[in-house]
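Asks: protein-v4.tsv is reproduced below (TSV, C-alpha atoms).
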chain	number	residue	atom	x	y	z
A	21	MET	CA	77.89	-34.70	11.55
A	22	ARG	CA	75.13	-37.14	10.63
A	23	ARG	CA	71.91	-36.42	8.77
A	24	ILE	CA	68.93	-38.18	10.33
A	25	PRO	CA	65.69	-38.23	8.28
A	26	TYR	CA	62.48	-37.81	10.23
A	27	ALA	CA	58.86	-36.90	9.73
A	28	PHE	CA	55.96	-35.97	11.96
A	29	SER	CA	52.28	-35.29	11.49
A	30	VAL	CA	49.54	-33.69	13.53
A	31	THR	CA	46.34	-35.75	13.69
A	32	ARG	CA	43.11	-35.90	15.64
A	33	PRO	CA	42.48	-39.62	16.33
A	34	GLN	CA	38.85	-40.63	15.94
A	35	LEU	CA	39.09	-43.92	17.85
A	36	THR	CA	40.11	-42.28	21.13
A	37	GLY	CA	37.70	-43.26	23.88
A	38	VAL	CA	35.78	-45.78	21.80
A	39	THR	CA	34.29	-48.74	23.67
A	40	THR	CA	36.31	-51.84	22.83
A	41	ILE	CA	35.35	-55.51	22.80
A	42	PRO	CA	37.73	-58.09	24.34
A	43	LEU	CA	39.09	-60.20	21.48
A	44	ARG	CA	38.16	-63.87	21.51
A	45	PRO	CA	39.63	-66.68	19.34
A	46	ARG	CA	36.57	-66.25	17.09
A	47	GLN	CA	34.42	-63.18	16.92
A	48	SER	CA	31.50	-62.18	14.71
A	49	GLY	CA	30.44	-58.68	13.71
A	50	ASP	CA	29.00	-56.53	10.95
A	51	THR	CA	30.41	-53.34	9.43
A	52	ARG	CA	26.95	-52.26	8.26
A	53	THR	CA	25.73	-51.39	11.74
A	54	GLY	CA	27.02	-48.99	14.38
A	55	GLU	CA	29.01	-45.78	14.09
A	56	ASP	CA	31.60	-44.83	11.47
A	57	ARG	CA	34.44	-43.01	13.24
A	58	ALA	CA	37.66	-43.74	11.35
A	59	ARG	CA	38.07	-43.47	7.58
A	60	VAL	CA	41.88	-43.46	7.14
A	61	TYR	CA	44.33	-45.93	8.69
A	62	ARG	CA	48.11	-45.48	8.64
A	63	TRP	CA	51.08	-45.99	8.58
A	64	PRO	CA	51.77	-46.99	5.76
A	65	THR	CA	49.42	-44.61	3.99
A	66	SER	CA	48.60	-46.60	0.83
A	67	PRO	CA	48.44	-50.35	1.56
A	68	PHE	CA	46.52	-51.01	-1.69
A	69	ALA	CA	48.81	-48.88	-3.89
A	70	VAL	CA	49.71	-51.84	-6.12
A	71	LEU	CA	46.42	-51.13	-7.92
A	72	GLY	CA	48.24	-48.27	-9.64
A	73	ALA	CA	49.15	-50.92	-12.23
A	74	PHE	CA	45.46	-50.89	-13.23
A	75	GLY	CA	45.26	-47.12	-13.50
A	76	VAL	CA	43.80	-46.70	-10.02
A	77	ASP	CA	45.59	-44.60	-7.39
A	78	PRO	CA	43.60	-45.45	-4.27
A	79	SER	CA	43.74	-43.85	-0.87
A	80	VAL	CA	42.31	-45.52	2.21
A	81	ASP	CA	38.63	-44.62	2.68
A	82	GLU	CA	37.07	-47.07	5.12
A	83	ASP	CA	33.48	-45.85	5.36
A	84	GLY	CA	32.17	-48.98	7.09
A	85	LYS	CA	31.01	-49.02	10.70
A	86	GLU	CA	34.16	-50.32	12.34
A	87	LYS	CA	34.27	-52.62	15.36
A	88	VAL	CA	37.24	-52.24	17.70
A	89	TYR	CA	38.66	-55.13	19.75
A	90	SER	CA	41.30	-55.16	22.49
A	91	LEU	CA	43.97	-57.82	22.91
A	92	ASP	CA	46.09	-58.12	26.07
A	93	ILE	CA	49.47	-59.82	25.68
A	94	PRO	CA	50.85	-60.57	29.19
A	95	ARG	CA	54.41	-61.31	28.06
A	96	GLN	CA	56.44	-60.78	24.93
A	97	ALA	CA	54.95	-62.69	22.02
A	98	VAL	CA	56.65	-64.06	18.93
A	99	ASN	CA	53.63	-62.98	16.92
A	100	ALA	CA	49.94	-62.20	17.18
A	101	GLY	CA	47.28	-61.41	14.64
A	102	VAL	CA	43.79	-61.72	13.24
A	103	VAL	CA	42.25	-62.84	9.96
A	104	ILE	CA	38.78	-62.54	8.48
A	105	GLU	CA	37.61	-66.14	8.35
A	106	ARG	CA	34.22	-65.33	6.80
A	107	PRO	CA	33.65	-64.25	4.09
A	108	ALA	CA	36.32	-66.66	2.87
A	109	ILE	CA	38.88	-65.78	0.22
A	110	LYS	CA	38.00	-66.99	-3.29
A	111	ILE	CA	40.90	-68.69	-5.03
A	112	ASN	CA	39.63	-68.21	-8.58
A	113	ALA	CA	38.74	-64.54	-8.21
A	114	PRO	CA	39.85	-62.12	-10.97
A	115	LEU	CA	43.25	-60.51	-10.51
A	116	ARG	CA	41.75	-57.11	-9.71
A	117	ALA	CA	39.63	-58.67	-6.97
A	118	LEU	CA	42.68	-60.41	-5.48
A	119	PHE	CA	44.19	-56.99	-4.87
A	120	SER	CA	41.00	-55.34	-3.60
A	121	SER	CA	37.48	-56.75	-3.09
A	122	ASN	CA	38.32	-60.47	-2.74
A	123	ALA	CA	38.76	-59.81	1.01
A	124	PRO	CA	36.11	-57.11	1.53
A	125	ILE	CA	36.46	-56.77	5.33
A	126	HIS	CA	39.71	-55.17	6.52
A	127	PRO	CA	41.29	-55.70	9.95
A	128	TRP	CA	43.90	-53.17	11.12
A	129	PHE	CA	46.31	-54.06	13.94
A	130	LEU	CA	46.91	-51.01	16.16
A	131	GLY	CA	49.30	-50.15	18.97
A	132	SER	CA	46.78	-47.79	20.60
A	133	LEU	CA	43.28	-46.41	20.12
A	134	ASP	CA	44.48	-44.34	17.20
A	135	GLU	CA	43.87	-45.17	13.56
A	136	ASN	CA	47.25	-43.56	12.82
A	137	ASP	CA	49.04	-46.17	14.95
A	138	VAL	CA	48.92	-49.16	12.57
A	139	LEU	CA	51.88	-51.41	13.45
A	140	GLY	CA	53.67	-51.09	10.12
A	141	TYR	CA	53.32	-53.37	7.13
A	142	ALA	CA	52.40	-56.37	9.27
A	143	GLY	CA	49.44	-54.42	10.66
A	144	ILE	CA	47.68	-53.89	7.31
A	145	PRO	CA	45.31	-56.44	5.67
A	146	VAL	CA	47.73	-57.08	2.78
A	147	ASN	CA	50.29	-59.89	2.45
A	148	SER	CA	53.58	-58.13	3.17
A	149	ASN	CA	55.86	-61.19	2.89
A	150	GLY	CA	57.77	-60.86	-0.38
A	151	LEU	CA	58.74	-64.57	-0.34
A	152	MET	CA	55.15	-65.77	-0.77
A	153	PRO	CA	53.28	-66.38	-4.04
A	154	ASP	CA	50.40	-64.07	-2.98
A	155	PHE	CA	52.63	-61.15	-2.00
A	156	LEU	CA	50.70	-57.82	-2.10
A	157	PHE	CA	47.31	-59.58	-2.35
A	158	ASN	CA	44.56	-58.43	0.00
A	159	VAL	CA	44.28	-61.43	2.33
A	160	GLY	CA	42.27	-59.93	5.19
A	161	ALA	CA	44.95	-60.68	7.81
A	162	ALA	CA	46.77	-58.23	10.10
A	163	GLY	CA	49.14	-58.65	13.02
A	164	GLY	CA	52.59	-58.06	14.40
A	165	VAL	CA	55.82	-59.89	15.20
A	166	PHE	CA	58.05	-59.74	18.30
A	167	LEU	CA	55.42	-57.83	20.26
A	168	PRO	CA	56.24	-56.52	23.77
A	169	ALA	CA	53.75	-57.16	26.55
A	170	GLY	CA	50.86	-54.74	26.54
A	171	ARG	CA	47.43	-54.00	25.16
A	172	TYR	CA	46.84	-53.94	21.42
A	173	TYR	CA	43.77	-53.14	19.35
A	174	VAL	CA	42.15	-54.44	16.18
A	175	SER	CA	39.81	-52.25	14.18
A	176	VAL	CA	37.67	-54.21	11.71
A	177	ASP	CA	36.44	-51.91	8.95
A	178	SER	CA	35.44	-51.97	5.30
A	179	GLY	CA	35.53	-49.66	2.31
A	180	ARG	CA	34.35	-49.76	-1.28
A	181	ASP	CA	35.34	-51.65	-4.40
A	182	LEU	CA	38.08	-49.53	-5.89
A	183	PHE	CA	36.83	-50.11	-9.44
A	184	THR	CA	33.03	-49.98	-9.07
A	185	GLY	CA	32.51	-47.96	-5.88
A	186	ARG	CA	30.26	-50.69	-4.45
A	187	SER	CA	30.16	-50.82	-0.65
A	188	LEU	CA	31.97	-53.86	0.78
A	189	ALA	CA	30.39	-53.59	4.24
A	190	GLY	CA	28.85	-56.74	5.66
A	191	PRO	CA	28.97	-59.48	8.31
A	192	TYR	CA	32.22	-61.23	9.17
A	193	VAL	CA	33.83	-63.84	11.41
A	194	LEU	CA	37.18	-62.83	12.88
A	195	ARG	CA	39.82	-65.37	13.94
A	196	SER	CA	42.73	-64.45	16.23
A	197	TRP	CA	45.92	-66.05	17.50
A	198	ILE	CA	49.00	-65.48	19.66
A	199	ASN	CA	52.33	-67.25	19.12
A	200	ASP	CA	51.57	-69.20	15.97
A	201	VAL	CA	54.91	-70.93	15.41
A	202	LYS	CA	53.81	-74.10	13.62
A	203	PRO	CA	53.31	-74.48	9.85
A	204	PRO	CA	50.22	-76.16	8.34
A	205	ASN	CA	49.89	-79.93	8.24
A	206	ILE	CA	49.62	-81.59	4.82
A	207	SER	CA	48.28	-85.08	4.11
A	208	LEU	CA	47.83	-86.58	0.65
A	209	ILE	CA	44.43	-88.01	-0.33
A	210	THR	CA	45.08	-89.14	-3.91
A	211	LYS	CA	47.93	-91.64	-3.62
A	212	ARG	CA	47.12	-93.33	-6.95
A	213	ILE	CA	46.37	-91.23	-10.02
A	214	SER	CA	45.72	-91.89	-13.69
A	215	ALA	CA	48.20	-91.13	-16.44
A	216	GLY	CA	47.62	-87.93	-18.37
A	217	ARG	CA	46.73	-84.70	-16.59
A	218	PRO	CA	45.17	-85.82	-13.33
A	219	THR	CA	43.77	-84.00	-10.32
A	220	ILE	CA	45.66	-84.21	-7.03
A	221	VAL	CA	43.81	-83.74	-3.74
A	222	ALA	CA	45.34	-83.07	-0.33
A	223	ARG	CA	44.09	-82.12	3.10
A	224	VAL	CA	45.75	-79.02	4.55
A	225	GLY	CA	45.01	-77.75	8.05
A	226	ASP	CA	46.32	-75.19	10.51
A	227	ALA	CA	45.08	-74.92	14.09
A	228	ALA	CA	46.15	-71.33	14.80
A	229	SER	CA	45.99	-68.65	12.10
A	230	GLY	CA	44.54	-70.91	9.38
A	231	VAL	CA	45.64	-71.90	5.89
A	232	ASP	CA	46.28	-69.16	3.34
A	233	PRO	CA	44.54	-70.64	0.26
A	234	LEU	CA	46.24	-68.24	-2.17
A	235	ALA	CA	49.67	-69.61	-1.18
A	236	LEU	CA	48.91	-73.29	-1.87
A	237	LEU	CA	51.18	-74.74	-4.55
A	238	LEU	CA	51.79	-78.08	-6.24
A	239	LEU	CA	55.35	-78.44	-7.53
A	240	ALA	CA	55.91	-81.17	-10.09
A	241	LYS	CA	58.71	-81.62	-12.60
A	242	SER	CA	59.63	-78.13	-13.84
A	243	PHE	CA	56.40	-76.27	-13.07
A	244	GLN	CA	54.24	-75.18	-10.18
A	245	VAL	CA	50.50	-74.61	-10.05
A	246	GLY	CA	48.24	-73.08	-7.42
A	247	ALA	CA	45.19	-74.77	-5.96
A	248	ASN	CA	42.02	-74.24	-7.98
A	249	GLN	CA	39.77	-75.21	-5.04
A	250	PHE	CA	40.10	-75.02	-1.26
A	251	ASP	CA	37.47	-75.73	1.36
A	252	PRO	CA	38.39	-74.09	4.69
A	253	GLU	CA	35.86	-76.26	6.54
A	254	THR	CA	37.38	-79.60	5.52
A	255	GLY	CA	40.85	-78.45	4.50
A	256	ILE	CA	40.46	-80.08	1.08
A	257	ALA	CA	42.83	-78.57	-1.51
A	258	VAL	CA	42.48	-79.49	-5.19
A	259	PHE	CA	45.27	-79.13	-7.75
A	260	SER	CA	44.69	-79.78	-11.45
A	261	PHE	CA	47.51	-80.53	-13.85
A	262	PRO	CA	47.64	-77.69	-16.40
A	263	ARG	CA	46.90	-78.59	-20.00
A	264	GLU	CA	50.02	-76.76	-21.11
A	265	GLN	CA	52.20	-79.41	-19.45
A	266	ARG	CA	53.17	-82.77	-20.88
A	267	PRO	CA	50.94	-85.59	-19.62
A	268	LEU	CA	52.20	-87.90	-16.90
A	269	GLU	CA	53.41	-91.34	-17.93
A	270	PRO	CA	52.70	-94.52	-15.92
A	271	GLY	CA	55.12	-95.16	-13.09
A	272	PRO	CA	56.13	-93.60	-9.77
A	273	GLU	CA	55.99	-89.80	-9.64
A	274	PHE	CA	57.44	-87.49	-6.98
A	275	MET	CA	55.84	-84.10	-6.28
A	276	ARG	CA	55.81	-81.51	-3.52
A	277	ILE	CA	52.97	-79.57	-1.94
A	278	PHE	CA	53.63	-76.16	-0.41
A	279	ALA	CA	51.36	-74.54	2.17
A	280	SER	CA	51.55	-71.43	4.38
A	281	ASP	CA	49.31	-70.02	7.07
A	282	PHE	CA	48.11	-66.45	7.50
A	283	GLN	CA	50.82	-65.69	10.07
A	284	GLU	CA	53.38	-66.19	7.29
A	285	THR	CA	51.83	-63.24	5.45
A	286	LYS	CA	52.85	-61.11	8.46
A	287	ASN	CA	56.40	-62.50	8.82
A	288	ILE	CA	58.33	-59.57	7.40
A	289	HIS	CA	61.07	-59.95	10.04
A	290	THR	CA	62.25	-63.50	10.79
A	291	GLU	CA	65.27	-64.83	12.62
A	292	GLY	CA	67.12	-68.14	12.38
A	293	VAL	CA	67.96	-70.48	9.54
A	294	ASN	CA	64.35	-70.77	8.29
A	295	PRO	CA	63.12	-67.60	6.55
A	296	MET	CA	59.57	-69.01	6.34
A	297	PRO	CA	58.81	-70.68	9.70
A	298	ASN	CA	55.06	-70.84	9.07
A	299	SER	CA	55.32	-72.69	5.73
A	300	ARG	CA	55.78	-76.35	4.90
A	301	PHE	CA	56.99	-78.34	1.90
A	302	ARG	CA	55.60	-81.88	1.84
A	303	GLY	CA	57.14	-84.36	-0.57
A	304	VAL	CA	54.66	-86.93	-1.90
A	305	ARG	CA	55.19	-89.98	-4.07
A	306	MET	CA	52.28	-91.20	-6.17
A	307	ASP	CA	51.63	-94.22	-8.30
A	308	VAL	CA	50.64	-93.22	-11.86
A	309	VAL	CA	48.65	-95.97	-13.61
A	310	ASN	CA	47.29	-96.39	-17.13
A	311	ARG	CA	43.69	-97.06	-16.05
A	312	PRO	CA	40.82	-95.30	-14.29
A	313	THR	CA	41.19	-94.27	-10.65
A	314	VAL	CA	38.72	-92.97	-8.10
A	315	THR	CA	39.33	-91.77	-4.52
A	316	TRP	CA	36.87	-90.70	-1.84
A	317	ILE	CA	37.18	-87.16	-0.50
A	318	VAL	CA	34.09	-86.83	1.73
A	319	PRO	CA	32.62	-88.22	3.89
A	320	ASN	CA	35.44	-89.39	6.10
A	321	GLU	CA	35.85	-93.05	6.92
A	322	GLY	CA	33.40	-94.07	9.67
A	323	ALA	CA	31.63	-90.69	9.73
A	324	CYS	CA	28.05	-90.29	10.94
A	325	LEU	CA	26.10	-88.81	8.05
A	326	PRO	CA	23.47	-86.06	8.33
A	327	ALA	CA	20.02	-86.17	6.75
A	328	ARG	CA	21.49	-84.75	3.54
A	329	ALA	CA	25.02	-86.04	3.06
A	330	ARG	CA	27.50	-84.70	0.54
A	331	LEU	CA	29.30	-87.45	-1.39
A	332	GLN	CA	32.44	-86.35	-3.20
A	333	VAL	CA	35.19	-88.21	-5.05
A	334	VAL	CA	38.07	-87.37	-7.36
A	335	ALA	CA	38.28	-89.51	-10.49
A	336	GLY	CA	40.59	-89.71	-13.46
A	337	SER	CA	41.52	-91.86	-16.42
A	338	SER	CA	43.90	-91.90	-19.35
A	339	ALA	CA	40.72	-91.90	-21.48
A	340	VAL	CA	37.60	-89.73	-21.27
A	341	ILE	CA	35.43	-90.47	-18.22
A	342	SER	CA	31.81	-91.21	-19.09
A	343	SER	CA	30.33	-91.17	-15.56
A	344	VAL	CA	30.78	-91.87	-11.86
A	345	GLY	CA	28.17	-93.94	-10.04
A	346	PHE	CA	27.51	-93.71	-6.30
A	347	PHE	CA	26.08	-96.80	-4.57
A	348	ASP	CA	24.80	-97.72	-1.11
A	349	GLY	CA	25.59	-101.42	-1.13
A	350	LYS	CA	24.12	-102.57	-4.46
A	351	ARG	CA	21.54	-99.79	-4.70
A	352	GLN	CA	22.52	-96.84	-6.87
A	353	ILE	CA	22.29	-93.43	-5.23
A	354	ALA	CA	23.17	-91.33	-8.27
A	355	ARG	CA	25.14	-91.33	-11.50
A	356	VAL	CA	27.13	-88.16	-12.13
A	357	ARG	CA	28.55	-87.06	-15.48
A	358	ARG	CA	29.46	-83.45	-14.81
A	359	ASN	CA	32.58	-82.59	-12.87
A	360	ILE	CA	34.69	-79.63	-11.83
A	361	ALA	CA	38.43	-80.27	-12.23
A	362	GLY	CA	37.93	-84.03	-11.84
A	363	ILE	CA	35.71	-83.70	-8.74
A	364	TYR	CA	32.39	-85.55	-8.89
A	365	GLU	CA	29.76	-84.79	-6.28
A	366	THR	CA	26.20	-85.62	-5.32
A	367	THR	CA	23.89	-85.27	-2.31
A	368	TRP	CA	22.41	-88.35	-0.66
A	369	SER	CA	19.15	-88.06	1.28
A	370	THR	CA	19.51	-90.52	4.16
A	371	LYS	CA	16.00	-89.95	5.51
A	372	GLY	CA	14.22	-93.28	5.98
A	373	LYS	CA	17.39	-95.31	5.40
A	374	ARG	CA	18.40	-98.06	7.81
A	375	ARG	CA	20.38	-96.83	10.79
A	376	GLY	CA	23.80	-98.30	11.43
A	377	ALA	CA	26.74	-99.17	9.22
A	378	HIS	CA	26.64	-98.66	5.43
A	379	VAL	CA	29.25	-99.23	2.75
A	380	LEU	CA	29.31	-96.63	-0.01
A	381	THR	CA	30.93	-97.41	-3.36
A	382	ALA	CA	32.01	-95.01	-6.08
A	383	VAL	CA	32.49	-96.53	-9.54
A	384	VAL	CA	34.16	-94.61	-12.37
A	385	SER	CA	33.66	-95.67	-16.01
A	386	ASP	CA	35.59	-94.40	-19.04
A	387	THR	CA	34.84	-94.49	-22.77
A	388	ARG	CA	37.09	-97.52	-23.27
A	389	GLY	CA	34.79	-99.62	-21.10
A	390	ARG	CA	37.17	-99.73	-18.14
A	391	GLU	CA	36.04	-99.26	-14.54
A	392	ALA	CA	37.50	-98.69	-11.10
A	393	GLU	CA	35.85	-98.48	-7.71
A	394	SER	CA	36.50	-97.24	-4.20
A	395	MET	CA	34.60	-98.07	-1.01
A	396	ARG	CA	33.93	-96.06	2.12
A	397	SER	CA	32.34	-97.25	5.37
A	398	VAL	CA	29.97	-94.76	7.04
A	399	LYS	CA	27.21	-94.74	9.65
A	400	LEU	CA	23.67	-93.47	9.78
A	401	CYS	CA	23.24	-92.35	13.37
A	402	ARG	CA	19.98	-90.43	13.17
Have the structure of the file written as structure tokens, please.
Replies:
Amino acid sequence: MRRIPYAFSVTRPQLTGVTTIPLRPRQSGDTRTGEDRARVYRWPTSPFAVLGAFGVDPSVDEDGKEKVYSLDIPRQAVNAGVVIERPAIKINAPLRALFSSNAPIHPWFLGSLDENDVLGYAGIPVNSNGLMPDFLFNVGAAGGVFLPAGRYYVSVDSGRDLFTGRSLAGPYVLRSWINDVKPPNISLITKRISAGRPTIVARVGDAASGVDPLALLLLAKSFQVGANQFDPETGIAVFSFPREQRPLEPGPEFMRIFASDFQETKNIHTEGVNPMPNSRFRGVRMDVVNRPTVTWIVPNEGACLPARARLQVVAGSSAVISSVGFFDGKRQIARVRRNIAGIYETTWSTKGKRRGAHVLTAVVSDTRGREAESMRSVKLCR
């Protein structure tokens, strides 16, 4: 004899017969307009149940006007999924928001036109990969792994803030992928940094599902720290050395940068020797110096600048920085004293400036009277 546990439920699906939209690589919509059919998605029944730690015992109540998309997979796929690209996830959001309203629009990956046919933990908008640093966070990504050929559906819906009751409905941009088997690419921008507690900047990109900003990590010595800024448009990730750690001394320094994409948040079943196929560790060696340093972030080398160009550098010093000056040739564009985590930024109006090649220079000055500069060649094409 063998006891076999089972369960069944009787439901009346509300998505049956709904008109679907063929899913494109990028899709825009709005959960404020249209018809609200489905309120509860399952199984599982309580994807946001981790909020019980805050005294909230939420049940799914998606009262937005959902949009339903269809996805045809002609042959078995390693994985497929969607993520809400806009509104983007905020890295520095409060902990409660990371579990709930930080990703206000919720995609649900379905096996049929039935809100009760969510494809397990991978099909909910929560990170279900227990190996990742943002496990259980609401990341706005849903999908499946090892999917047989067939037609699948994505219902994009929204609910309310579980603490305030505020409606989270609004516009969104949806990104989709099939067979994302490559991890993000990582390239280091700051190859020379100042002694002390510097800021490290890297460029992280992923062509398929996109970079998960909540999973970005800098590993140095005996600690790890998450990114405190990430720009999904440029892929710029900013890591600041925590003040609790001992300052860096001059000399070579080895660190590692860790990055995952949104497909990794859906990889709850993996095969092979690599348990995290959509993640990458990149070892980087930097030169730590006992003097000021400055490195250009944007614009890129040789870029054609718009009428209002953003100029951004990362600067550091073993002493207090007094200012960073931006110059077009010998003419000063701006002098910036305020910064966010070592990032100095200004906007340059290029209207009326000579067309063609220009050389921009950023000069950092510290309170000991020391300076350092970095140049960047750009073009004015308008």
Asks: Please, what distance in Å, to one decimal, runs between atom CA of A:Asn158 and atom CA of A:Lys202?
Replies: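 So the two atoms, atom CA of A:Asn158 and atom CA of A:Lys202, lie 22.7 Å apart.
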Asks: Could I get the residues of stretch 197-266 of chain A with an atom no further than 7 Å from an atom of stretch 273-295 of chain A, each paired with its nearest atom pair and that distance in Å to one decimal, using only C-alpha atoms, sorted by chain and residue number, as JSON lines?
Replies:
{"residue": "A:Asp200", "atom": "CA", "partner": "A:Gln283", "partner_atom": "CA", "distance": 6.9}
{"residue": "A:Pro203", "atom": "CA", "partner": "A:Ser280", "partner_atom": "CA", "distance": 6.5}
{"residue": "A:Pro204", "atom": "CA", "partner": "A:Ser280", "partner_atom": "CA", "distance": 6.3}
{"residue": "A:Asp226", "atom": "CA", "partner": "A:Asp281", "partner_atom": "CA", "distance": 6.9}
{"residue": "A:Ser229", "atom": "CA", "partner": "A:Phe282", "partner_atom": "CA", "distance": 5.5}
{"residue": "A:Gly230", "atom": "CA", "partner": "A:Asp281", "partner_atom": "CA", "distance": 5.4}
{"residue": "A:Val231", "atom": "CA", "partner": "A:Asp281", "partner_atom": "CA", "distance": 4.3}
{"residue": "A:Asp232", "atom": "CA", "partner": "A:Asp281", "partner_atom": "CA", "distance": 4.9}
{"residue": "A:Ala235", "atom": "CA", "partner": "A:Ser280", "partner_atom": "CA", "distance": 6.1}
{"residue": "A:Leu236", "atom": "CA", "partner": "A:Ala279", "partner_atom": "CA", "distance": 4.9}
{"residue": "A:Leu237", "atom": "CA", "partner": "A:Phe278", "partner_atom": "CA", "distance": 5.0}
{"residue": "A:Leu238", "atom": "CA", "partner": "A:Ile277", "partner_atom": "CA", "distance": 4.7}
{"residue": "A:Leu239", "atom": "CA", "partner": "A:Arg276", "partner_atom": "CA", "distance": 5.1}
{"residue": "A:Ala240", "atom": "CA", "partner": "A:Met275", "partner_atom": "CA", "distance": 4.8}
Asks: Those residues with C-alpha atoms, as a PDB file, in the coordinates of the input please?
Replies:
ATOM      1  CA  ASP A 200      51.570 -69.200  15.970  1.00  0.00           C
ATOM      2  CA  PRO A 203      53.310 -74.480   9.850  1.00  0.00           C
ATOM      3  CA  PRO A 204      50.220 -76.160   8.340  1.00  0.00           C
ATOM      4  CA  ASP A 226      46.320 -75.190  10.510  1.00  0.00           C
ATOM      5  CA  SER A 229      45.990 -68.650  12.100  1.00  0.00           C
ATOM      6  CA  GLY A 230      44.540 -70.910   9.380  1.00  0.00           C
ATOM      7  CA  VAL A 231      45.640 -71.900   5.890  1.00  0.00           C
ATOM      8  CA  ASP A 232      46.280 -69.160   3.340  1.00  0.00           C
ATOM      9  CA  ALA A 235      49.670 -69.610  -1.180  1.00  0.00           C
ATOM     10  CA  LEU A 236      48.910 -73.290  -1.870  1.00  0.00           C
ATOM     11  CA  LEU A 237      51.180 -74.740  -4.550  1.00  0.00           C
ATOM     12  CA  LEU A 238      51.790 -78.080  -6.240  1.00  0.00           C
ATOM     13  CA  LEU A 239      55.350 -78.440  -7.530  1.00  0.00           C
ATOM     14  CA  ALA A 240      55.910 -81.170 -10.090  1.00  0.00           C
TER      15      ALA A 240
END
Asks: Between atom CA of A:Asn99 and atom CA of A:Asp177, what distance in Å does the model show, to one decimal?
Replies: 21.9 Å
Asks: Looking at all atoms listed in the file, which of A:Leu182, A:Arg305, A:Lys241, A:Thr254 is the one that sits closest to A:Gly271?
Replies: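 Distance minimum relative to A:Gly271 lands on A:Arg305.
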Asks: Taking 4 positions as the minimum chain separation for residues in the same chain, which residues sit within 8 Å of A:Thr219 when counting all atoms listed in the file? Answer as a list of chain:residue names.
Replies: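 Close residues of A:Thr219: A:Ile213, A:Val258, A:Phe259, A:Ser260, A:Phe261, A:Val334, A:Ala335, A:Gly336, A:Ala361, A:Gly362.
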Asks: At what distance in Å, to one decimal, does atom CA of A:Lys110 lie from atom CA of A:Phe250?
Replies: 8.5 Å
Asks: Under the rule that only C-alpha atoms are counted, which of A:Glu264, A:Asp154, A:Asp92, A:Asp181 is the nearest residue to A:Pro233?
Replies: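 Counting only C-alpha atoms, the residue closest to A:Pro233 is A:Asp154.
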Asks: Show which residues sit within 7 Å of A:Asp137, as a PyMOL selection string. Count only C-alpha atoms, and ignore same-chain residues fewer than 4 positions away.
Replies: chain A and resi 62-63+130-132
Asks: Point out the residue among A:Leu234, A:Ile144, A:Leu331, A:Val318 with the least atom-to-atom distance to A:Asn248, counting all atoms listed in the file.
Replies: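 Of the candidates, the smallest distance to A:Asn248 is held by A:Leu234.
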Asks: From the set A:Arg311, A:Arg300, A:Arg32, A:Arg388, which residue has the shortest atom-to-atom contact distance to A:Glu269, counting all atoms listed in the file?
Replies: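 For A:Glu269, the nearest of the candidates is A:Arg311.
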Asks: Could you give me, as a VMD selection string, the residues within 10 Å of A:Gly163, counting all atoms listed in the file and dropping anything in the same chain fewer than 4 positions from it?
Replies: chain A and resid 99 to 103 127 to 130 138 to 145 167 172 to 174 196 to 198 282 to 283 285 to 287
Asks: Write the selection just made, keeping C-alpha atoms, as a tab-separated table (two decimals), in the coordinates of the input?
Replies:
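To be explicit, this is the file written out as result_9.tsv:
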chain	number	residue	atom	x	y	z
A	99	ASN	CA	53.63	-62.98	16.92
A	100	ALA	CA	49.94	-62.20	17.18
A	101	GLY	CA	47.28	-61.41	14.64
A	102	VAL	CA	43.79	-61.72	13.24
A	103	VAL	CA	42.25	-62.84	9.96
A	127	PRO	CA	41.29	-55.70	9.95
A	128	TRP	CA	43.90	-53.17	11.12
A	129	PHE	CA	46.31	-54.06	13.94
A	130	LEU	CA	46.91	-51.01	16.16
A	138	VAL	CA	48.92	-49.16	12.57
A	139	LEU	CA	51.88	-51.41	13.45
A	140	GLY	CA	53.67	-51.09	10.12
A	141	TYR	CA	53.32	-53.37	7.13
A	142	ALA	CA	52.40	-56.37	9.27
A	143	GLY	CA	49.44	-54.42	10.66
A	144	ILE	CA	47.68	-53.89	7.31
A	145	PRO	CA	45.31	-56.44	5.67
A	167	LEU	CA	55.42	-57.83	20.26
A	172	TYR	CA	46.84	-53.94	21.42
A	173	TYR	CA	43.77	-53.14	19.35
A	174	VAL	CA	42.15	-54.44	16.18
A	196	SER	CA	42.73	-64.45	16.23
A	197	TRP	CA	45.92	-66.05	17.50
A	198	ILE	CA	49.00	-65.48	19.66
A	282	PHE	CA	48.11	-66.45	7.50
A	283	GLN	CA	50.82	-65.69	10.07
A	285	THR	CA	51.83	-63.24	5.45
A	286	LYS	CA	52.85	-61.11	8.46
A	287	ASN	CA	56.40	-62.50	8.82
Asks: Given only C-alpha atoms as the basis, pick out the residue of A:Tyr364, A:Tyr61, A:Phe243, A:Phe119 nearest to A:Pro262.
Replies: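 Counting only C-alpha atoms, the residue closest to A:Pro262 is A:Phe243.
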Asks: In file coordinates, which residues lie within 8 Å of (34.7, -52.8, 18.2) using all atoms listed in the file, given as a list in words?
Replies: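 The requested residues, written out, are Val38, Thr39, Thr40, Ile41, Glu86, Lys87, Val88, Tyr89, Val174, Ser175 and Val176 of chain A.
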Asks: Between A:Gln249, A:Ser90, A:Gln332, A:Gln34, which residue has the minimum interatomic distance to A:Glu135, considering all atoms listed in the file?
Replies: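 The answer is A:Gln34, which sits nearest to A:Glu135.
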Asks: Around (29.3, -98.8, -16.2) in the file's frame, which residues reach within 12 Å when counting all atoms listed in the file? Return as an NGL selection string?
Replies: :A and (341-346 or 352 or 355-357 or 382-393)
Asks: Give me, as a PyMOL selection string, all polymer residues having an atom no more than 8 Å from A:Pro319, counting all atoms listed in the file and skipping those fewer than 3 positions away in the same chain.
Replies: chain A and resi 316+323+325+329-332+398
